[in-house]
Amino acid sequence: MDWYWIVVVLLVVSGFVGLLLPVLPGIVFIFAGLLLAAWIDDFARVSQTTMIVIGAIALLAWAIDFFASYLTAKKAKASKLALYGTLIGAIVGILGGVIGLIIGPVIGAVIGEFISHKNSGDAARVGIAAGFGFVVALIIKLILALIMIALFTYTYFY
């Protein structure tokens, strides 16, 4: 059963790498590692209820990935087409690896805003806002991942 713990460590570590380099589904890996760790002890130290709470935090962090760029573009008074472009860019960006995940929402927002207003200044402003959303999402996901780890660790050892 010791090899299970090796898998737990690999999942959690690769999850944190995935938060910083969005090639891997970071939050999903962290949650999977914590779930495996709870399962190893048959949920004796970390209850199923605790894992549901940690899962809800993971779901929130995963959703932030998709909506942070959208929300910051909306705050920058982006047009509806720019907002749709941000979401489409985020989804299409997944296929482009790290670069796609970073610039997909930005390009989508810029294209949508330019189509809507034909003004490159507005398009640039909205694109920068969408890019800022990516950075905000990264910070929030990192904080939520640390909360997941802290909650699990507290429950496991106390």
# chains A, B, ... in the order shown; residues from 1 in each chain; ligands from 1
>>> residues_around(residues="Arg125 in chain A", least_positions_apart="3", cutoff="9 Å", atoms="only C-alpha atoms", output="ChimeraX atom specification")
/A:73,76,78,110,120-122,128-130
>>> closest_residue(among="A:Leu34, A:Lys77, A:Ala61, A:Val136", to="Gln48 in chain A", atoms="only C-alpha atoms")
A:Leu34
>>> closest_atom_pairs(of="range 26-79 of chain A", to="range 95-104 of chain A", cutoff="10 Å", atoms="only C-alpha atoms", output="Markdown table")
| residue | atom | partner | partner_atom | distance |
| --- | --- | --- | --- | --- |
| A:Asp65 | CA | A:Leu101 | CA | 9.4 |
| A:Phe66 | CA | A:Leu101 | CA | 9.8 |
| A:Ser69 | CA | A:Ile102 | CA | 9.9 |
>>> closest_residue(among="A:Val28, A:Ile52, A:Leu11, A:Leu59", to="Phe152 in chain A", atoms="only C-alpha atoms")
A:Ile52
>>> residues_around(residues="Leu144 in chain A", least_positions_apart="2", cutoff="12 Å", atoms="only C-alpha atoms", output="JSON list (two decimals) with C-alpha atoms, in the first residue's frame")
[["chain", "number", "residue", "atom", "x", "y", "z"],
["A", 16, "PHE", "CA", 0.71, 22.35, -8.22],
["A", 19, "LEU", "CA", -1.49, 25.44, -11.50],
["A", 26, "GLY", "CA", -3.81, 21.18, -11.58],
["A", 27, "ILE", "CA", -6.85, 21.38, -9.32],
["A", 30, "ILE", "CA", -4.66, 17.83, -6.38],
["A", 31, "PHE", "CA", -8.20, 16.73, -5.59],
["A", 53, "VAL", "CA", -16.18, 20.11, 0.95],
["A", 54, "ILE", "CA", -12.72, 19.83, -0.62],
["A", 55, "GLY", "CA", -14.39, 18.71, -3.86],
["A", 56, "ALA", "CA", -16.64, 21.78, -3.81],
["A", 57, "ILE", "CA", -13.57, 24.00, -3.38],
["A", 58, "ALA", "CA", -11.92, 22.17, -6.29],
["A", 59, "LEU", "CA", -15.01, 22.69, -8.44],
["A", 60, "LEU", "CA", -14.99, 26.39, -7.61],
["A", 61, "ALA", "CA", -11.31, 26.66, -8.53],
["A", 62, "TRP", "CA", -11.92, 24.83, -11.81],
["A", 63, "ALA", "CA", -14.82, 27.16, -12.68],
["A", 64, "ILE", "CA", -12.67, 30.21, -11.95],
["A", 137, "ALA", "CA", -7.52, 33.25, -11.73],
["A", 138, "LEU", "CA", -4.03, 31.83, -11.18],
["A", 139, "ILE", "CA", -3.72, 33.58, -7.82],
["A", 140, "ILE", "CA", -7.21, 32.52, -6.69],
["A", 141, "LYS", "CA", -6.63, 28.90, -7.78],
["A", 142, "LEU", "CA", -3.35, 28.81, -5.87],
["A", 146, "LEU", "CA", -3.62, 25.73, -0.46],
["A", 147, "ILE", "CA", -6.95, 25.82, 1.40],
["A", 148, "MET", "CA", -7.72, 22.32, 0.10],
["A", 149, "ILE", "CA", -4.33, 21.04, 1.30],
["A", 150, "ALA", "CA", -4.67, 22.81, 4.67],
["A", 151, "LEU", "CA", -8.17, 21.44, 5.26]]
>>> residues_around(residues="Ala37 in chain A", least_positions_apart="3", cutoff="8 Å", atoms="only C-alpha atoms", output="PyMOL selection string")
chain A and resi 4-5+8+33-34+40-41
>>> write_last_selection(atoms="N, CA, C and O atoms", output="PDB file, in the first residue's frame")
ATOM      1  N   TYR A   4       0.671   3.531  -3.081  1.00  0.00           N
ATOM      2  CA  TYR A   4      -0.455   4.462  -3.168  1.00  0.00           C
ATOM      3  C   TYR A   4      -0.030   5.860  -2.720  1.00  0.00           C
ATOM      4  O   TYR A   4      -0.436   6.859  -3.295  1.00  0.00           O
ATOM      5  N   TRP A   5       0.772   5.904  -1.663  1.00  0.00           N
ATOM      6  CA  TRP A   5       1.224   7.194  -1.149  1.00  0.00           C
ATOM      7  C   TRP A   5       2.147   7.888  -2.142  1.00  0.00           C
ATOM      8  O   TRP A   5       2.152   9.121  -2.231  1.00  0.00           O
ATOM      9  N   VAL A   8      -0.145   9.474  -4.511  1.00  0.00           N
ATOM     10  CA  VAL A   8      -0.732  10.668  -3.884  1.00  0.00           C
ATOM     11  C   VAL A   8       0.221  11.848  -4.027  1.00  0.00           C
ATOM     12  O   VAL A   8      -0.169  12.934  -4.478  1.00  0.00           O
ATOM     13  N   GLY A  33      -5.422  13.377  -5.797  1.00  0.00           N
ATOM     14  CA  GLY A  33      -4.426  12.926  -4.833  1.00  0.00           C
ATOM     15  C   GLY A  33      -4.978  12.896  -3.409  1.00  0.00           C
ATOM     16  O   GLY A  33      -4.760  11.944  -2.666  1.00  0.00           O
ATOM     17  N   LEU A  34      -5.703  13.950  -3.054  1.00  0.00           N
ATOM     18  CA  LEU A  34      -6.280  14.004  -1.708  1.00  0.00           C
ATOM     19  C   LEU A  34      -7.368  12.948  -1.526  1.00  0.00           C
ATOM     20  O   LEU A  34      -7.465  12.326  -0.460  1.00  0.00           O
ATOM     21  N   ILE A  40      -7.226   5.645   1.019  1.00  0.00           N
ATOM     22  CA  ILE A  40      -6.228   4.698   1.538  1.00  0.00           C
ATOM     23  C   ILE A  40      -6.561   4.311   2.975  1.00  0.00           C
ATOM     24  O   ILE A  40      -6.442   3.147   3.361  1.00  0.00           O
ATOM     25  N   ASP A  41      -6.982   5.279   3.763  1.00  0.00           N
ATOM     26  CA  ASP A  41      -7.341   5.019   5.155  1.00  0.00           C
ATOM     27  C   ASP A  41      -8.828   4.731   5.323  1.00  0.00           C
ATOM     28  O   ASP A  41      -9.366   4.825   6.419  1.00  0.00           O
TER      29      ASP A  41
END
>>> residues_around(residues="Tyr156 in chain A", least_positions_apart="3", cutoff="7 Å", atoms="only C-alpha atoms", output="PyMOL selection string")
chain A and resi 45-46+152-153
